[in-house]
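Asker: Pasting in a structure now, in structure tokens, and then I'll have a few things to ask.
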Amino acid sequence: MGGGRLAKFTIPEEEYMNSGHVGCLGCGACHAMRYTLKALGPRTIMSIPACCWAVMPGVFPLKCLEIPLLNTAFETTGASISGIRAALDAKGIEDVTVVGFAGDGGTADIGIQALSGMVERGTDVMYIMYDNEAYMNTGIQRSSSTPIGAWTTTTPVGTTRDWKKMPKKNMIEIMVAHKIPYTASISVGYPEDMIKKLRKAKEIRGPKFIQIYAPCPTGWRMAPELTIEVCREAVACAAYPLYEVENGVYKITRKPKELKPVKDYMAMQGRFRHLPQEELDDIQRKVTQEWEILLKKEEFTQSLVSE
Amino acid sequence: MKIMMTGNYASAYGAMAAKAEVVAAYPITPQTSIVEKIATLVSSGEMKCQYVKVESEHSAMAACISASQTGARAYTASSAHGLTLMHELLIWASGARTPVVMSNVNRAMGPPWSVWADQHDTMAQRDTGWMQVYCDSNQEVLDSIIMAYKVGERADIMLPSMIIEDAFILSHTMEPVDYPDPELVEGYLPSFDPRFRLDVDEPYGFGSLVMPNWYMEFRFKINEAMEKTRGAILEAEKEFEETFGRSYGGLMDFYKCEDADAVLVLAGTVASTAKHVADKLRSDGKKVGVARLRCFRPFPYDEVRQLAKMTNIIGVCDRSYTFGHWGPMATEVKGALYGLADVPTVKNYIMGLGGKDLTPEVLEKVFVKTLQLKDTGLDTEIEWIGVTGHGGW
């Protein structure tokens, strides 16, 4: 290997996702899977509900992922990985990471009950929500994880200003309320941070919840080459902050010195094109407020452990 | 070893005797004492399994399916609304070819709320690809669980089974039950060892998207396996009888049908009441018999056609109903008879819904009504027994 002065590669070179996936151009969920498998390695069993990734591994008999893969019903990911874990425990198999890999609809909406049950039971599994902020596999319908202001096919704007009026559901906070040992947000625009947090999560016993920001150029009405750039902008304006919560203690893992305006981030995406200035101002106020609350949570919970 | 136990305890002991490795279950009246008993057996160290106390029946079945696909023997128990909540996953279980075994306590569906015996919940799961065994004793409940794994886990079958007991009449009534010798069970039922499972050393994908050219092939294979269960159930029962000295009559249990003028077809505990009444009527010179439908799926077509050779009048007693048609058992019995040269007269009785008591007196009345058809011919295709309210609200 190289000498000590060379940069150390933090992203494994091994690939467990081969070519042949059927995702769209610029698909963020594609990077989400690739880096997840790089971080977790081949001793991983994955359960996937109805979502883009139910289709993306390829049509039978083909499969582009080099791990055992179980397709499960839309709302069952939390229960499915509980069953896999229980079976492995019954067989005395401990060195396998059990992962649920679900979209935001399968997680924050139809699957939230099974997820909540699994976390409450303290199940030793990793639940990954790749967040493309709408029901993308069925063709861009709003989910509870769709951000405020967004156009989707079921919030079609029209002449009645019918865009998404409610704020995005905060799954990380819901997980914190479950007293989960570890939860974190990551982004496909920051692969080193992804690998670091996923590896950390892998070593923790009990339930882990990871939320991956995974842009969907098709659904966000955005050029496919902007996927990584929009990730960077989302963090820079704090629309999608990267942080982790370990046993209740918050740590913001990427803290911009000064927040960029949210409108720059939104301007990259056609799904926000219809928003009038007063709405953009309102969204800016909300994002700033959420960010300040997050900073306070970090400061407060960190002060509890340092005392 | 004989133990006094309820049908629900017989279910729990059945899961323990069969060495279920993963149990995922959610409580519902009147199934509750199954999940409680399993918890007790696990906490006392008698039963070795991973017990996942899930937050719904839907998750119970999802966890059982995933556990089974990871190579573990999986068991759950439910009833009525719990069972119907699982409906999507019941179809998933057979589609995924997982030999999960579930005890179901037959309970009426709401509204209006009812917790009493009624077969609507399981009859409504007819098309899910599960074997269905209706029991009429606590011993049969326990033994059928062991036999269900034996049949379901066969490499050429790999399908799930429901072992069904009537609410309260079996679930909460004690009978002496033999808890089989674990060594004999081990000899009878080898450990679950499926050829394909979730395994990091052999990373297969399960249940992925298929194009129309493949989908029908998978469905065809499921049906091929289900057709094989007819023989497999009989074989498993024969070996069970050789090992444990007990048997239950295969897919359809005939009682004094050979020379009968009229036979009632029934499922569940009402069949044992009917056998008792048949004895009484026979002592009065009335030639009646009982055909206890033990399996609703696979459906005993051959046995029903055999029955047509034994009697000219069949009364089918459904403890459920398919609104807008006949009772589900009557529908299937008539279907099995179609095309025979000498088709018996078939009358459908709807009775005992929502726990309406099916006493020997009620059964005697139904036998007599059925015998009368010999002189009158078929009076009506369907009769609701014990209903007083006609003509709307």
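Just remember, in the structure tokens the first chain shown is A, the second B, etc., residues are 1-based per chain, and ligands are 1-based in the order shown.
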Please check the contacts: residues of chain A at most 10 Å away from chain B, using only C-alpha atoms, listed as a PyMOL selection string.

Answerer: chain A and resi 42-48+54-73+75-91+96-97+113-118+120-121+123

Asker: So which bits of stretch 9-248 of chain A end up strand (DSSP E or B) when you DSSP the backbone, as a VMD selection string?

Answerer: chain A and resid 17 44 to 48 65 69 to 71 97 to 103 126 to 131 135 141 152 155 157 162 182 to 187 208 to 213 243 to 246

Asker: Can you pull out every residue within 6 Å of stretch 184-186 of chain A, counting only C-alpha atoms, but drop anything in the same chain fewer than 5 positions away, and send it as number ranges by chain?

Answerer: A: 194, 210-212, 242-244

Asker: As a list in words, please: the residues near A:Lys263 (cut-off 9 Å, only C-alpha atoms, same-chain neighbours under 5 positions excluded).

Answerer: Cys237, Met268, Leu280, Asp281, Ile283 and Gln284 of chain A

Asker: So which bits of stretch 233-336 of chain B end up alpha helix (DSSP H) when you DSSP the backbone, as a compact mmCIF listing (two decimals) with N, CA, C and O atoms, in the first residue's frame?

Answerer:
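Writing done, so here's selection18.txt:
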```txt
# COMPACT_ATOMS: atom_id res chain seq x y z
N ILE B 233 -51.06 -34.92 3.06
CA ILE B 233 -51.80 -34.88 4.33
C ILE B 233 -52.15 -36.30 4.77
O ILE B 233 -51.99 -36.66 5.94
N LEU B 234 -52.57 -37.11 3.84
CA LEU B 234 -52.92 -38.50 4.17
C LEU B 234 -51.68 -39.29 4.60
O LEU B 234 -51.71 -40.04 5.57
N GLU B 235 -50.58 -39.08 3.88
CA GLU B 235 -49.34 -39.78 4.24
C GLU B 235 -48.84 -39.36 5.62
O GLU B 235 -48.44 -40.20 6.43
N ALA B 236 -48.89 -38.05 5.86
CA ALA B 236 -48.41 -37.53 7.15
C ALA B 236 -49.27 -38.07 8.28
O ALA B 236 -48.78 -38.38 9.37
N GLU B 237 -50.58 -38.21 8.03
CA GLU B 237 -51.47 -38.70 9.08
C GLU B 237 -51.25 -40.19 9.33
O GLU B 237 -51.30 -40.65 10.47
N LYS B 238 -50.97 -40.92 8.25
CA LYS B 238 -50.72 -42.36 8.39
C LYS B 238 -49.47 -42.58 9.25
O LYS B 238 -49.47 -43.39 10.19
N GLU B 239 -48.41 -41.83 8.93
CA GLU B 239 -47.18 -41.97 9.70
C GLU B 239 -47.39 -41.50 11.15
O GLU B 239 -46.82 -42.08 12.09
N PHE B 240 -48.23 -40.48 11.30
CA PHE B 240 -48.54 -39.99 12.65
C PHE B 240 -49.24 -41.08 13.45
O PHE B 240 -48.92 -41.31 14.62
N GLU B 241 -50.17 -41.74 12.80
CA GLU B 241 -50.91 -42.81 13.48
C GLU B 241 -49.98 -43.96 13.88
O GLU B 241 -50.07 -44.49 14.98
N GLU B 242 -49.06 -44.28 12.97
CA GLU B 242 -48.10 -45.35 13.27
C GLU B 242 -47.21 -44.98 14.45
O GLU B 242 -46.81 -45.83 15.24
N THR B 243 -46.89 -43.69 14.56
CA THR B 243 -45.97 -43.24 15.61
C THR B 243 -46.69 -42.97 16.92
O THR B 243 -46.20 -43.32 17.99
N PHE B 244 -47.85 -42.33 16.83
CA PHE B 244 -48.50 -41.84 18.05
C PHE B 244 -49.85 -42.52 18.34
O PHE B 244 -50.46 -42.27 19.37
N VAL B 270 -68.97 -28.51 15.86
CA VAL B 270 -70.37 -28.87 15.63
C VAL B 270 -70.46 -30.27 15.04
O VAL B 270 -71.46 -30.97 15.22
N ALA B 271 -69.39 -30.72 14.40
CA ALA B 271 -69.39 -32.08 13.83
C ALA B 271 -69.47 -33.13 14.93
O ALA B 271 -70.13 -34.16 14.76
N SER B 272 -68.80 -32.87 16.06
CA SER B 272 -68.88 -33.89 17.12
C SER B 272 -70.26 -33.89 17.77
O SER B 272 -70.75 -34.95 18.17
N THR B 273 -70.90 -32.72 17.85
CA THR B 273 -72.29 -32.68 18.32
C THR B 273 -73.17 -33.48 17.35
O THR B 273 -74.04 -34.26 17.76
N ALA B 274 -72.94 -33.30 16.07
CA ALA B 274 -73.73 -33.98 15.05
C ALA B 274 -73.55 -35.50 15.13
O ALA B 274 -74.51 -36.27 14.95
N LYS B 275 -72.33 -35.95 15.42
CA LYS B 275 -72.08 -37.39 15.55
C LYS B 275 -72.89 -37.96 16.71
O LYS B 275 -73.48 -39.04 16.61
N HIS B 276 -72.92 -37.22 17.80
CA HIS B 276 -73.67 -37.63 18.99
C HIS B 276 -75.17 -37.74 18.65
O HIS B 276 -75.84 -38.72 19.01
N VAL B 277 -75.69 -36.76 17.93
CA VAL B 277 -77.10 -36.75 17.55
C VAL B 277 -77.38 -37.88 16.54
O VAL B 277 -78.43 -38.54 16.61
N ALA B 278 -76.45 -38.12 15.64
CA ALA B 278 -76.63 -39.20 14.65
C ALA B 278 -76.79 -40.54 15.36
O ALA B 278 -77.63 -41.37 14.97
N ASP B 279 -75.98 -40.76 16.40
CA ASP B 279 -76.11 -42.01 17.18
C ASP B 279 -77.51 -42.15 17.74
O ASP B 279 -78.12 -43.22 17.68
N LYS B 280 -78.03 -41.05 18.30
CA LYS B 280 -79.35 -41.07 18.91
C LYS B 280 -80.41 -41.37 17.84
O LYS B 280 -81.27 -42.23 18.03
N LEU B 281 -80.32 -40.67 16.70
CA LEU B 281 -81.30 -40.87 15.63
C LEU B 281 -81.23 -42.29 15.07
O LEU B 281 -82.24 -42.90 14.74
N ARG B 282 -80.01 -42.81 14.96
CA ARG B 282 -79.85 -44.19 14.46
C ARG B 282 -80.51 -45.20 15.41
O ARG B 282 -81.09 -46.17 14.96
N SER B 283 -80.42 -44.91 16.71
CA SER B 283 -81.07 -45.82 17.67
C SER B 283 -82.59 -45.75 17.55
O SER B 283 -83.31 -46.66 17.94
N TYR B 301 -62.32 -32.97 -2.94
CA TYR B 301 -63.24 -33.28 -4.05
C TYR B 301 -63.56 -34.77 -4.13
O TYR B 301 -64.71 -35.17 -4.24
N ASP B 302 -62.50 -35.59 -4.06
CA ASP B 302 -62.71 -37.03 -4.20
C ASP B 302 -63.60 -37.56 -3.08
O ASP B 302 -64.47 -38.40 -3.32
N GLU B 303 -63.37 -37.06 -1.88
CA GLU B 303 -64.14 -37.53 -0.73
C GLU B 303 -65.61 -37.13 -0.87
O GLU B 303 -66.51 -37.91 -0.54
N VAL B 304 -65.87 -35.91 -1.38
CA VAL B 304 -67.26 -35.47 -1.57
C VAL B 304 -67.93 -36.34 -2.62
O VAL B 304 -69.09 -36.74 -2.49
N ARG B 305 -67.20 -36.71 -3.67
CA ARG B 305 -67.76 -37.58 -4.72
C ARG B 305 -68.00 -38.99 -4.18
O ARG B 305 -68.99 -39.63 -4.56
N GLN B 306 -67.13 -39.43 -3.26
CA GLN B 306 -67.35 -40.70 -2.58
C GLN B 306 -68.64 -40.63 -1.77
O GLN B 306 -69.43 -41.57 -1.77
N LEU B 307 -68.82 -39.51 -1.10
CA LEU B 307 -70.01 -39.32 -0.27
C LEU B 307 -71.27 -39.42 -1.11
O LEU B 307 -72.29 -39.98 -0.68
N ALA B 308 -71.20 -38.91 -2.33
CA ALA B 308 -72.36 -38.95 -3.23
C ALA B 308 -72.77 -40.38 -3.55
O ALA B 308 -73.93 -40.64 -3.88
N LYS B 309 -71.81 -41.30 -3.44
CA LYS B 309 -72.13 -42.71 -3.69
C LYS B 309 -72.77 -43.36 -2.47
O LYS B 309 -73.40 -44.41 -2.56
N MET B 310 -72.58 -42.71 -1.30
CA MET B 310 -73.08 -43.30 -0.05
C MET B 310 -74.49 -42.84 0.29
O MET B 310 -75.22 -43.53 0.98
N PRO B 328 -70.04 -20.91 1.98
CA PRO B 328 -68.84 -21.31 1.24
C PRO B 328 -68.67 -22.83 1.11
O PRO B 328 -68.24 -23.31 0.07
N MET B 329 -69.01 -23.58 2.15
CA MET B 329 -68.84 -25.04 2.04
C MET B 329 -69.84 -25.62 1.05
O MET B 329 -69.52 -26.52 0.26
N ALA B 330 -71.09 -25.12 1.08
CA ALA B 330 -72.11 -25.61 0.16
C ALA B 330 -71.70 -25.35 -1.29
O ALA B 330 -71.86 -26.20 -2.17
N THR B 331 -71.13 -24.16 -1.51
CA THR B 331 -70.67 -23.80 -2.86
C THR B 331 -69.66 -24.83 -3.36
O THR B 331 -69.75 -25.31 -4.49
N GLU B 332 -68.72 -25.17 -2.49
CA GLU B 332 -67.65 -26.08 -2.90
C GLU B 332 -68.17 -27.52 -3.05
O GLU B 332 -67.74 -28.24 -3.95
N VAL B 333 -69.06 -27.91 -2.14
CA VAL B 333 -69.61 -29.28 -2.22
C VAL B 333 -70.38 -29.43 -3.54
O VAL B 333 -70.19 -30.40 -4.28
N LYS B 334 -71.21 -28.44 -3.85
CA LYS B 334 -71.98 -28.50 -5.11
C LYS B 334 -71.04 -28.52 -6.30
O LYS B 334 -71.27 -29.25 -7.27
N GLY B 335 -70.00 -27.74 -6.24
CA GLY B 335 -69.02 -27.70 -7.33
C GLY B 335 -68.38 -29.06 -7.55
O GLY B 335 -68.17 -29.48 -8.69
N ALA B 336 -68.08 -29.75 -6.45
CA ALA B 336 -67.43 -31.06 -6.54
C ALA B 336 -68.38 -32.10 -7.15
O ALA B 336 -67.94 -33.06 -7.78
```

Asker: Taking only C-alpha atoms into account, which of B:Val288, B:Ala225, B:Gly231, B:Thr128 comes nearest B:Phe254?

Answerer: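 Closest residue, counting only C-alpha atoms: B:Val288.
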
Asker: Counting only C-alpha atoms, which residue out of A:Trp151, A:Phe74, A:Tyr16, A:Tyr35 sits closest to A:Asp109?

Answerer: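 Smallest distance to A:Asp109 is found for A:Phe74.
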
Asker: Give me, as a PyMOL selection string, all polymer residues having an atom no more than 9 Å from B:Leu266, counting only C-alpha atoms and skipping those fewer than 2 positions away in the same chain.

Answerer: chain B and resi 264+268-271+274+290-294+315-319+329

Asker: Would you put the residues from that selection into a file with C-alpha atoms, as a PDB file, in the first residue's frame?

Answerer:
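Saved as result_22.pdb:
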```pdb
ATOM      1  CA  LEU B 264     -74.757 -33.571   7.197  1.00  0.00           C
ATOM      2  CA  GLY B 268     -65.314 -27.782  13.530  1.00  0.00           C
ATOM      3  CA  THR B 269     -66.775 -28.830  16.880  1.00  0.00           C
ATOM      4  CA  VAL B 270     -70.367 -28.866  15.627  1.00  0.00           C
ATOM      5  CA  ALA B 271     -69.393 -32.077  13.827  1.00  0.00           C
ATOM      6  CA  ALA B 274     -73.733 -33.985  15.051  1.00  0.00           C
ATOM      7  CA  VAL B 290     -71.903 -37.116   9.437  1.00  0.00           C
ATOM      8  CA  ALA B 291     -69.152 -36.037   7.050  1.00  0.00           C
ATOM      9  CA  ARG B 292     -66.764 -33.785   8.947  1.00  0.00           C
ATOM     10  CA  LEU B 293     -64.976 -31.520   6.523  1.00  0.00           C
ATOM     11  CA  ARG B 294     -61.516 -31.419   8.074  1.00  0.00           C
ATOM     12  CA  GLY B 315     -77.190 -31.114   4.121  1.00  0.00           C
ATOM     13  CA  VAL B 316     -74.252 -28.690   4.186  1.00  0.00           C
ATOM     14  CA  CYS B 317     -74.090 -26.757   7.462  1.00  0.00           C
ATOM     15  CA  ASP B 318     -72.162 -23.529   6.994  1.00  0.00           C
ATOM     16  CA  ARG B 319     -71.111 -21.556  10.057  1.00  0.00           C
ATOM     17  CA  MET B 329     -68.843 -25.044   2.041  1.00  0.00           C
TER      18      MET B 329
END
```
